[in-house]
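Here is the file input.csv (CSV, C-alpha atoms).
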chain,number,residue,atom,x,y,z
A,17,MET,CA,86.5,104.1,70.2
A,18,THR,CA,86.1,107.2,72.3
A,19,LEU,CA,83.5,106.8,75.1
A,20,THR,CA,81.6,109.7,76.4
A,21,ARG,CA,79.7,109.4,79.7
A,22,ARG,CA,76.5,108.7,77.8
A,23,THR,CA,77.9,106.1,75.5
A,24,LEU,CA,79.6,104.4,78.5
A,25,LEU,CA,76.3,103.9,80.2
A,26,ALA,CA,74.7,102.6,77.0
A,27,ALA,CA,77.4,100.1,76.3
A,28,VAL,CA,78.4,99.1,79.8
A,29,PRO,CA,76.9,95.5,79.6
A,30,LEU,CA,79.3,94.8,76.7
A,31,LEU,CA,82.4,96.5,78.1
A,32,SER,CA,85.4,94.8,79.8
A,33,VAL,CA,86.7,95.9,83.1
A,34,ALA,CA,89.6,97.7,81.5
A,35,SER,CA,87.3,99.6,79.1
A,36,VAL,CA,85.2,100.8,82.0
A,37,VAL,CA,88.3,102.1,83.8
A,38,ARG,CA,89.7,103.8,80.7
A,39,ALA,CA,86.3,105.5,80.1
A,40,ALA,CA,86.4,106.8,83.7
A,41,GLU,CA,89.9,108.4,83.2
A,42,PRO,CA,88.6,111.9,82.7
A,43,ASP,CA,86.7,111.7,86.1
A,44,LEU,CA,89.7,110.1,87.8
A,45,SER,CA,91.9,113.0,86.8
A,46,ALA,CA,89.9,115.1,89.3
A,47,LEU,CA,91.2,113.0,92.2
A,48,SER,CA,94.6,113.5,93.8
A,49,ASP,CA,96.8,111.8,96.4
A,50,ILE,CA,95.5,112.5,99.9
A,51,THR,CA,98.3,110.6,101.7
A,52,ARG,CA,101.3,112.8,100.9
A,53,ASP,CA,101.7,114.1,104.4
A,54,ILE,CA,101.3,110.8,106.2
A,55,ALA,CA,104.5,109.8,108.1
A,56,PRO,CA,105.8,106.2,107.6
A,57,ILE,CA,107.0,104.1,110.5
A,58,GLY,CA,110.2,105.5,111.7
A,59,VAL,CA,113.5,104.3,113.2
A,60,ALA,CA,112.6,105.0,116.8
A,61,GLU,CA,109.4,103.0,116.5
A,62,ARG,CA,111.1,100.0,115.0
A,63,ALA,CA,113.7,100.1,117.8
A,64,ALA,CA,110.8,100.2,120.4
A,65,ARG,CA,109.2,97.2,118.7
A,66,LEU,CA,112.4,95.1,119.0
A,67,ALA,CA,112.8,96.2,122.6
A,68,ARG,CA,109.2,95.2,123.4
A,69,ALA,CA,109.7,91.8,121.7
A,70,GLN,CA,112.9,91.1,123.6
A,71,SER,CA,111.2,92.1,126.9
A,72,LEU,CA,108.4,89.6,126.2
A,73,MET,CA,110.9,86.9,125.3
A,74,ARG,CA,112.8,87.4,128.6
A,75,SER,CA,109.6,87.1,130.5
A,76,LEU,CA,108.6,83.9,128.7
A,77,GLY,CA,112.0,82.3,128.8
A,78,MET,CA,112.5,82.4,125.0
A,79,ARG,CA,116.1,82.6,123.6
A,80,ALA,CA,115.1,83.8,120.1
A,81,VAL,CA,112.2,84.1,117.7
A,82,VAL,CA,112.3,83.0,114.0
A,83,VAL,CA,110.3,85.0,111.5
A,84,GLU,CA,109.7,84.4,107.7
A,85,PRO,CA,108.7,87.0,105.1
A,86,GLY,CA,105.3,88.5,105.6
A,87,ALA,CA,103.8,91.2,107.7
A,88,SER,CA,105.6,90.2,110.9
A,89,LEU,CA,109.0,90.4,109.1
A,90,THR,CA,108.1,93.9,107.8
A,91,TYR,CA,106.9,94.9,111.3
A,92,PHE,CA,110.1,94.1,113.0
A,93,THR,CA,112.8,94.7,110.3
A,94,GLY,CA,111.2,96.8,107.5
A,95,ILE,CA,112.0,94.1,105.0
A,96,ARG,CA,109.3,93.7,102.4
A,97,TRP,CA,109.8,90.3,100.8
A,98,GLY,CA,107.8,87.3,99.4
A,99,ARG,CA,108.2,83.7,100.3
A,100,SER,CA,109.7,81.1,97.9
A,101,GLU,CA,111.6,77.9,98.1
A,102,ARG,CA,114.7,80.0,98.7
A,103,LEU,CA,114.6,80.9,102.4
A,104,THR,CA,114.9,84.4,103.7
A,105,ALA,CA,114.3,84.7,107.4
A,106,ALA,CA,115.0,86.8,110.5
A,107,VAL,CA,116.1,85.6,113.9
A,108,ILE,CA,115.4,88.0,116.8
A,109,PRO,CA,117.6,87.1,119.8
A,110,VAL,CA,116.6,87.9,123.4
A,111,GLU,CA,119.5,90.4,123.4
A,112,GLY,CA,121.4,92.2,120.7
A,113,GLU,CA,120.8,92.7,117.0
A,114,PRO,CA,118.7,90.4,114.8
A,115,LEU,CA,120.1,88.1,112.2
A,116,ILE,CA,118.9,88.2,108.6
A,117,VAL,CA,119.6,85.1,106.4
A,118,THR,CA,119.0,85.4,102.6
A,119,PRO,CA,120.3,84.0,99.3
A,120,TYR,CA,123.6,85.6,98.3
A,121,PHE,CA,122.1,87.1,95.1
A,122,GLU,CA,119.2,88.7,97.0
A,123,GLU,CA,121.3,90.5,99.6
A,124,PRO,CA,121.3,93.9,97.7
A,125,SER,CA,117.5,93.8,97.3
A,126,ILE,CA,117.0,92.8,101.0
A,127,ARG,CA,119.1,95.7,102.1
A,128,GLU,CA,116.9,98.1,100.2
A,129,THR,CA,114.1,97.8,102.8
A,130,LEU,CA,116.1,96.7,105.9
A,131,ALA,CA,115.3,99.4,108.4
A,132,ILE,CA,117.1,98.2,111.5
A,133,PRO,CA,120.7,97.4,112.5
A,134,ALA,CA,121.1,93.7,111.8
A,135,GLU,CA,123.7,91.1,110.8
A,136,VAL,CA,123.0,89.8,107.3
A,137,ARG,CA,124.4,86.3,106.4
A,138,VAL,CA,124.0,84.9,102.9
A,139,TRP,CA,123.8,81.4,101.6
A,140,GLN,CA,124.8,80.1,98.1
A,141,GLU,CA,122.5,78.0,95.9
A,142,ASP,CA,124.4,74.8,96.9
A,143,GLU,CA,124.2,75.6,100.7
A,144,ASP,CA,121.6,75.0,103.4
A,145,PRO,CA,120.1,78.3,104.9
A,146,ILE,CA,119.0,76.4,108.0
A,147,ARG,CA,122.6,75.6,108.7
A,148,ARG,CA,123.4,79.3,108.4
A,149,ILE,CA,120.8,80.0,111.1
A,150,THR,CA,122.1,77.2,113.3
A,151,GLU,CA,125.7,78.4,113.1
A,152,TRP,CA,124.6,81.8,114.3
A,153,LEU,CA,122.5,80.4,117.1
A,154,VAL,CA,125.4,78.2,118.3
A,155,ALA,CA,127.9,81.1,118.2
A,156,ALA,CA,125.4,83.2,120.2
A,157,LYS,CA,124.8,80.3,122.6
A,158,LEU,CA,121.1,80.4,121.7
A,159,ASP,CA,120.9,76.9,120.3
A,160,LYS,CA,119.6,75.4,123.5
A,161,GLY,CA,116.6,76.4,125.5
A,162,VAL,CA,113.3,77.7,124.0
A,163,ILE,CA,113.0,79.2,120.5
A,164,GLY,CA,109.8,80.7,119.2
A,165,ILE,CA,108.5,80.2,115.7
A,166,GLU,CA,106.2,82.8,114.2
A,167,GLU,CA,102.8,81.2,113.6
A,168,THR,CA,102.9,81.5,109.8
A,169,ALA,CA,106.4,80.1,109.3
A,170,ARG,CA,106.5,76.9,107.2
A,171,PHE,CA,107.1,73.5,108.6
A,172,PHE,CA,110.5,72.9,107.0
A,173,VAL,CA,112.0,75.9,108.9
A,174,ALA,CA,111.1,74.6,112.3
A,175,ASP,CA,111.7,71.0,111.4
A,176,GLY,CA,115.1,71.8,110.0
A,177,LEU,CA,116.2,73.8,113.0
A,178,LYS,CA,114.9,71.1,115.3
A,179,ALA,CA,117.1,68.5,113.6
A,180,LEU,CA,120.2,70.7,113.9
A,181,THR,CA,119.9,72.2,117.4
A,182,GLY,CA,119.1,71.1,120.9
A,183,ALA,CA,116.4,73.7,121.3
A,184,THR,CA,112.8,73.3,122.2
A,185,PHE,CA,110.5,75.0,119.7
A,186,VAL,CA,107.2,76.8,120.6
A,187,LEU,CA,104.8,79.1,118.8
A,188,ALA,CA,106.0,82.7,119.2
A,189,ASP,CA,102.4,84.1,119.4
A,190,PRO,CA,102.9,85.6,122.9
A,191,VAL,CA,105.7,87.7,121.5
A,192,VAL,CA,104.6,88.5,118.0
A,193,ARG,CA,100.9,89.0,118.9
A,194,GLY,CA,102.0,90.8,122.1
A,195,CYS,CA,103.7,93.4,119.9
A,196,ARG,CA,101.5,93.6,116.9
A,197,MET,CA,98.0,93.4,118.4
A,198,ARG,CA,98.3,96.8,120.2
A,199,LYS,CA,98.9,99.5,117.7
A,200,SER,CA,100.9,102.6,118.4
A,201,PRO,CA,99.7,106.2,117.5
A,202,ALA,CA,101.8,106.0,114.3
A,203,GLU,CA,100.1,102.8,113.2
A,204,ILE,CA,96.7,104.2,114.0
A,205,ALA,CA,97.5,107.2,111.9
A,206,LEU,CA,98.4,105.0,108.9
A,207,MET,CA,95.2,103.0,109.3
A,208,GLN,CA,93.2,106.2,109.5
A,209,ALA,CA,94.8,107.4,106.3
A,210,ALA,CA,93.9,104.1,104.6
A,211,THR,CA,90.3,104.4,105.8
A,212,ASP,CA,90.1,108.0,104.6
A,213,VAL,CA,91.2,106.8,101.1
A,214,THR,CA,88.6,104.0,101.0
A,215,ILE,CA,85.8,106.3,102.1
A,216,ALA,CA,86.8,108.9,99.4
A,217,ALA,CA,87.0,106.2,96.8
A,218,TYR,CA,83.5,104.9,97.8
A,219,ARG,CA,82.0,108.4,97.3
A,220,TRP,CA,83.6,108.7,93.9
A,221,THR,CA,82.6,105.1,92.8
A,222,TYR,CA,79.0,105.2,94.1
A,223,ALA,CA,78.1,108.2,91.9
A,224,ARG,CA,79.3,106.1,88.9
A,225,VAL,CA,77.4,102.8,89.5
A,226,GLU,CA,74.9,102.3,86.7
A,227,ALA,CA,72.4,99.7,85.6
A,228,GLY,CA,74.1,96.9,83.7
A,229,MET,CA,77.4,97.1,85.4
A,230,THR,CA,78.9,93.9,86.8
A,231,GLY,CA,80.6,93.5,90.2
A,232,ALA,CA,84.0,93.3,88.5
A,233,GLN,CA,83.5,96.5,86.7
A,234,ILE,CA,82.4,98.3,89.8
A,235,GLY,CA,85.4,96.9,91.7
A,236,ALA,CA,87.7,98.1,89.0
A,237,LEU,CA,86.4,101.6,89.3
A,238,MET,CA,86.9,101.4,93.1
A,239,ASN,CA,90.5,100.2,92.8
A,240,ALA,CA,91.3,102.9,90.2
A,241,ALA,CA,90.0,105.6,92.5
A,242,THR,CA,91.8,104.2,95.4
A,243,ALA,CA,95.1,104.2,93.6
A,244,ARG,CA,94.5,107.8,92.4
A,245,LEU,CA,93.9,108.9,96.0
A,246,GLY,CA,97.2,107.4,97.2
A,247,GLY,CA,96.2,104.0,98.5
A,248,ASP,CA,97.5,100.6,97.4
A,249,PRO,CA,94.3,98.7,96.5
A,250,GLU,CA,94.0,95.4,98.4
A,251,PHE,CA,90.5,94.2,97.4
A,252,ALA,CA,87.3,95.6,96.0
A,253,LEU,CA,84.4,93.1,96.2
A,254,ALA,CA,81.0,94.2,94.7
A,255,LEU,CA,78.2,91.7,95.1
A,256,ILE,CA,74.9,92.3,93.3
A,257,GLY,CA,71.4,90.9,93.9
A,258,GLU,CA,71.4,87.3,95.1
A,259,ALA,CA,75.2,87.3,95.2
A,260,SER,CA,75.0,89.6,98.2
A,261,ALA,CA,73.3,86.8,100.2
A,262,TYR,CA,76.6,85.0,100.3
A,263,PRO,CA,79.3,86.9,102.3
A,264,HIS,CA,82.0,86.3,99.6
A,265,GLY,CA,79.7,86.2,96.6
A,266,SER,CA,79.2,83.6,93.9
A,267,ARG,CA,80.7,82.7,90.6
A,268,THR,CA,77.5,83.7,88.7
A,269,VAL,CA,77.8,87.1,87.0
A,270,HIS,CA,75.1,89.5,88.2
A,271,ARG,CA,74.4,93.0,86.8
A,272,VAL,CA,73.1,96.1,88.5
A,273,ALA,CA,69.3,96.6,88.0
A,274,ASP,CA,66.5,98.5,89.7
A,275,GLY,CA,65.6,97.0,93.0
A,276,GLN,CA,68.9,95.0,93.3
A,277,VAL,CA,71.1,95.2,96.4
A,278,VAL,CA,74.7,96.3,95.8
A,279,LEU,CA,77.0,95.2,98.6
A,280,MET,CA,80.6,96.4,98.4
A,281,ASP,CA,83.5,95.3,100.6
A,282,CYS,CA,86.7,97.2,99.9
A,283,GLY,CA,90.1,98.0,101.4
A,284,CYS,CA,93.5,99.4,100.7
A,285,SER,CA,96.8,99.9,102.5
A,286,VAL,CA,98.8,103.1,103.2
A,287,GLY,CA,102.3,102.7,104.6
A,288,GLY,CA,101.7,99.0,105.0
A,289,TYR,CA,98.5,99.3,107.1
A,290,GLN,CA,95.0,98.4,105.9
A,291,SER,CA,91.5,99.5,105.8
A,292,ASP,CA,88.3,97.4,105.5
A,293,VAL,CA,84.9,99.1,104.9
A,294,SER,CA,81.7,97.6,103.6
A,295,ARG,CA,78.7,99.5,102.2
A,296,THR,CA,75.3,98.2,101.1
A,297,TRP,CA,72.6,100.0,99.1
A,298,VAL,CA,69.7,99.3,96.7
A,299,HIS,CA,69.9,100.6,93.1
A,300,GLY,CA,66.7,102.4,92.5
A,301,LYS,CA,63.8,101.9,95.0
A,302,ALA,CA,64.3,99.6,98.0
A,303,THR,CA,61.6,97.4,99.3
A,304,ALA,CA,60.3,97.5,102.9
A,305,GLU,CA,62.1,94.3,103.6
A,306,GLN,CA,65.4,95.6,102.3
A,307,HIS,CA,65.0,98.7,104.5
A,308,ARG,CA,64.2,96.6,107.5
A,309,VAL,CA,67.2,94.3,107.1
A,310,TRP,CA,69.5,97.2,106.5
A,311,ASP,CA,68.3,98.9,109.7
A,312,GLN,CA,68.7,95.7,111.7
A,313,VAL,CA,72.3,95.4,110.6
A,314,ALA,CA,72.9,99.0,111.5
A,315,SER,CA,71.6,98.3,115.0
A,316,GLY,CA,73.8,95.2,115.2
A,317,GLN,CA,76.8,97.3,114.3
A,318,GLN,CA,76.1,99.9,116.9
A,319,LEU,CA,75.5,97.3,119.5
A,320,ALA,CA,78.9,95.7,118.8
A,321,PHE,CA,80.6,99.0,119.1
A,322,ALA,CA,78.9,99.8,122.4
A,323,THR,CA,79.8,96.3,123.8
A,324,ALA,CA,83.5,96.6,122.8
A,325,GLN,CA,84.8,98.2,126.0
A,326,VAL,CA,88.2,97.9,127.6
A,327,GLY,CA,88.4,94.7,129.5
A,328,THR,CA,85.5,93.0,127.7
A,329,PRO,CA,86.2,89.5,126.3
A,330,ALA,CA,86.3,89.8,122.5
A,331,GLY,CA,83.7,86.9,122.3
A,332,ALA,CA,81.2,88.9,124.3
A,333,VAL,CA,80.9,91.4,121.4
A,334,ASP,CA,79.8,88.6,119.0
A,335,ASP,CA,77.5,87.1,121.6
A,336,ALA,CA,75.7,90.5,122.1
A,337,VAL,CA,75.0,90.8,118.4
A,338,ARG,CA,73.7,87.2,118.2
A,339,ARG,CA,71.3,87.7,121.1
A,340,LEU,CA,69.9,90.7,119.2
A,341,TYR,CA,69.6,88.9,115.9
A,342,GLY,CA,68.1,85.9,117.7
A,343,SER,CA,65.4,88.1,119.2
A,344,LEU,CA,64.6,89.2,115.6
A,345,GLY,CA,64.1,85.7,114.4
A,346,TYR,CA,67.5,85.0,112.8
A,347,GLY,CA,69.8,82.1,113.5
A,348,PRO,CA,70.2,80.5,115.9
A,349,GLY,CA,73.9,81.0,116.3
A,350,TYR,CA,75.7,81.0,113.0
A,351,LYS,CA,72.8,79.6,111.0
A,352,ARG,CA,71.2,81.4,108.0
A,353,PRO,CA,69.1,83.4,107.5
A,354,GLY,CA,71.3,85.4,109.9
A,355,LEU,CA,74.9,86.1,110.6
A,356,PRO,CA,77.1,83.1,109.5
A,357,HIS,CA,80.4,84.7,110.1
A,358,ARG,CA,82.1,86.4,113.1
A,359,THR,CA,81.1,89.9,114.0
A,360,GLY,CA,84.6,91.2,113.4
A,361,HIS,CA,88.3,90.5,113.1
A,362,GLY,CA,91.5,92.1,114.1
A,363,ILE,CA,93.1,94.4,111.5
A,364,GLY,CA,96.4,96.1,111.0
A,365,MET,CA,99.2,95.3,108.6
A,366,ASP,CA,97.2,92.3,107.6
A,367,GLY,CA,93.5,92.6,106.6
A,368,HIS,CA,92.7,89.8,109.0
A,369,GLU,CA,94.7,89.6,112.2
A,370,PRO,CA,94.2,88.1,115.7
A,371,VAL,CA,92.0,88.3,117.6
A,372,ASN,CA,88.5,87.9,116.3
A,373,LEU,CA,85.2,89.1,117.7
A,374,VAL,CA,83.8,85.6,117.7
A,375,HIS,CA,82.0,83.4,120.2
A,376,GLY,CA,84.3,81.9,122.7
A,377,GLU,CA,87.2,84.3,122.3
A,378,ALA,CA,88.4,85.1,125.8
A,379,MET,CA,91.1,87.7,125.0
A,380,ARG,CA,90.1,90.9,126.7
A,381,LEU,CA,90.0,94.1,124.7
A,382,ALA,CA,92.8,96.6,125.4
A,383,PRO,CA,93.8,100.0,124.2
A,384,GLY,CA,95.5,99.9,120.8
A,385,MET,CA,93.6,96.8,119.5
A,386,CYS,CA,91.9,97.4,116.2
A,387,PHE,CA,88.9,95.5,114.8
A,388,SER,CA,86.3,95.4,112.0
A,389,ASP,CA,82.7,95.7,113.0
A,390,GLU,CA,80.6,93.9,110.4
A,391,PRO,CA,77.6,92.0,111.7
A,392,GLY,CA,75.9,91.4,108.3
A,393,LEU,CA,72.6,89.6,107.7
A,394,TYR,CA,72.2,87.2,104.8
A,395,LEU,CA,69.0,85.7,103.4
A,396,PRO,CA,70.0,82.8,101.0
A,397,GLY,CA,68.6,83.0,97.5
A,398,ARG,CA,67.5,86.6,98.1
A,399,PHE,CA,69.9,89.3,99.3
A,400,GLY,CA,72.3,90.3,102.1
A,401,VAL,CA,73.3,93.4,103.9
A,402,ARG,CA,76.8,94.1,105.3
A,403,LEU,CA,77.8,97.3,107.0
A,404,GLU,CA,81.4,97.4,108.0
A,405,ASP,CA,83.5,100.0,109.7
A,406,CYS,CA,86.6,99.5,111.8
A,407,PHE,CA,87.4,100.9,115.2
A,408,HIS,CA,90.4,101.0,117.6
A,409,MET,CA,90.4,100.7,121.3
A,410,THR,CA,91.4,103.7,123.5
A,411,ASP,CA,91.6,104.1,127.2
A,412,ALA,CA,88.1,105.6,127.0
A,413,GLY,CA,86.6,102.8,124.8
A,414,PRO,CA,86.2,102.2,121.1
A,415,LYS,CA,86.8,104.9,118.5
A,416,TRP,CA,85.7,104.7,114.8
A,417,PHE,CA,88.1,104.9,111.9
A,418,SER,CA,85.1,105.7,109.7
A,419,GLU,CA,81.6,106.8,110.9
A,420,PRO,CA,78.9,104.2,110.3
A,421,LEU,CA,76.0,105.1,108.1
A,422,VAL,CA,72.6,106.1,109.5
A,423,SER,CA,70.4,105.5,106.5
A,424,MET,CA,70.3,103.3,103.4
A,425,GLU,CA,69.4,106.5,101.4
A,426,SER,CA,72.9,107.9,102.2
A,427,PRO,CA,75.2,104.9,101.5
A,428,VAL,CA,78.5,106.7,101.4

Structure re-expressed in structure tokens:
Amino acid sequence: MTLTRRTLLAAVPLLSVASVVRAAEPDLSALSDITRDIAPIGVAERAARLARAQSLMRSLGMRAVVVEPGASLTYFTGIRWGRSERLTAAVIPVEGEPLIVTPYFEEPSIRETLAIPAEVRVWQEDEDPIRRITEWLVAAKLDKGVIGIEETARFFVADGLKALTGATFVLADPVVRGCRMRKSPAEIALMQAATDVTIAAYRWTYARVEAGMTGAQIGALMNAATARLGGDPEFALALIGEASAYPHGSRTVHRVADGQVVLMDCGCSVGGYQSDVSRTWVHGKATAEQHRVWDQVASGQQLAFATAQVGTPAGAVDDAVRRLYGSLGYGPGYKRPGLPHRTGHGIGMDGHEPVNLVHGEAMRLAPGMCFSDEPGLYLPGRFGVRLEDCFHMTDAGPKWFSEPLVSMESPV
């Protein structure tokens, strides 16, 4: 059937997610790609990344670093690939060009996104890819000494290399994190573009949230707007009513109604870099308590931002927020009602990256680091409020990717 705006609202409790998005198509047509002029990561930047990694390896006495598919592989090589039982991996040596090992029949696809000079060695279905890596390490005289393994690599990779070489294997965190944690201006620009898309999609979606809608339907609208604006949707969580009291929601289906909290947590990627923004409002008239909790979260968010100065331990940001919330009667610590999760997390190519703004984290904040700032408050069985904006560290202190809200009455 053909749905007008009026019939959409009348029928929304009965509609599927797909139906809601189809009904919104006329409105979506007014949106356009706002990322067309955003520059991707270039050749010079990738070369600088490898040079930085090799410099860190020399200072740490590492002979090579092994990386499996995922954000770190893309970061260093440009290769965008998924993991399977068939191993594709990169080995970054302390000097010279990296090695890429991949199945023979996947080589053409691997080369489509390979963005650096590298040697590509293939293996057949009846061969062992670990032996291919070992042969290369031996030929390069890298099979003895210390080899770093990227932290997300699977056990069989490190275990297989250990069985075939005389190397000592360690986590490559000081190298990989040492490169990825501090973003370049080009990376910051891509994250800013992703945030701009998310904020624009929020504005479009908020105006279309109506009584009777489910969280899934709202999320589908958000993702549709995000894609239209040029972002690759990563997630669009919409928690309604009591579900908002649990940071990642519940399995119970809730529908928008007057007086109900709507908490959205959404993000997308542009050029491989992510955004993460949360907004909370009340559909209809808010109670005094809902207003009070919203204002308390807004104060916590601003306190976290003010505390996040260059040289400050990341854990001190979380501690400052918990002291504030404790003075307001929440907690103690991570107990509810209160803030049961960390104040924020690192962000970049992955939505969650090291390090976190969490109690006990001693890593000191430095220019180029990027974080979410999301000190929500959750009242079990009732409602929750989360306001989340991301910031990046500069020489002068933190700078927002998106400006925090100042009032529940203006939620986008």

Q: One decimal, Å: what's the distance from atom CA of A:Ala174 over to atom CA of A:Pro370, could you say?
A: 21.9 Å

(Q) Could you list, as an MDAnalysis selection string, every residue within 7 Å of A:Leu395, counting only C-alpha atoms and ignoring same-chain residues fewer than 4 positions away? (A) chainID A and resid 261 352:354 399:400

(Q) Residues within 8 Å of A:Leu115, please, as a VMD selection string. Count all atoms listed in the file; anything in the same chain fewer than 4 positions from it doesn't count. (A) chain A and resid 106 to 108 134 to 137

Q: Name all residues at most 7 Å from stretch 139-141 of chain A (count all atoms listed in the file; drop same-chain ones fewer than 4 positions away) and give them as a count of residues only.
A: 4

Q. Which residues come within 12 Å of A:Ser125, counting only C-alpha atoms, excluding same-chain residues fewer than 4 positions away, as a PyMOL selection string?
A. chain A and resi 95-98+104+118-121+129-130
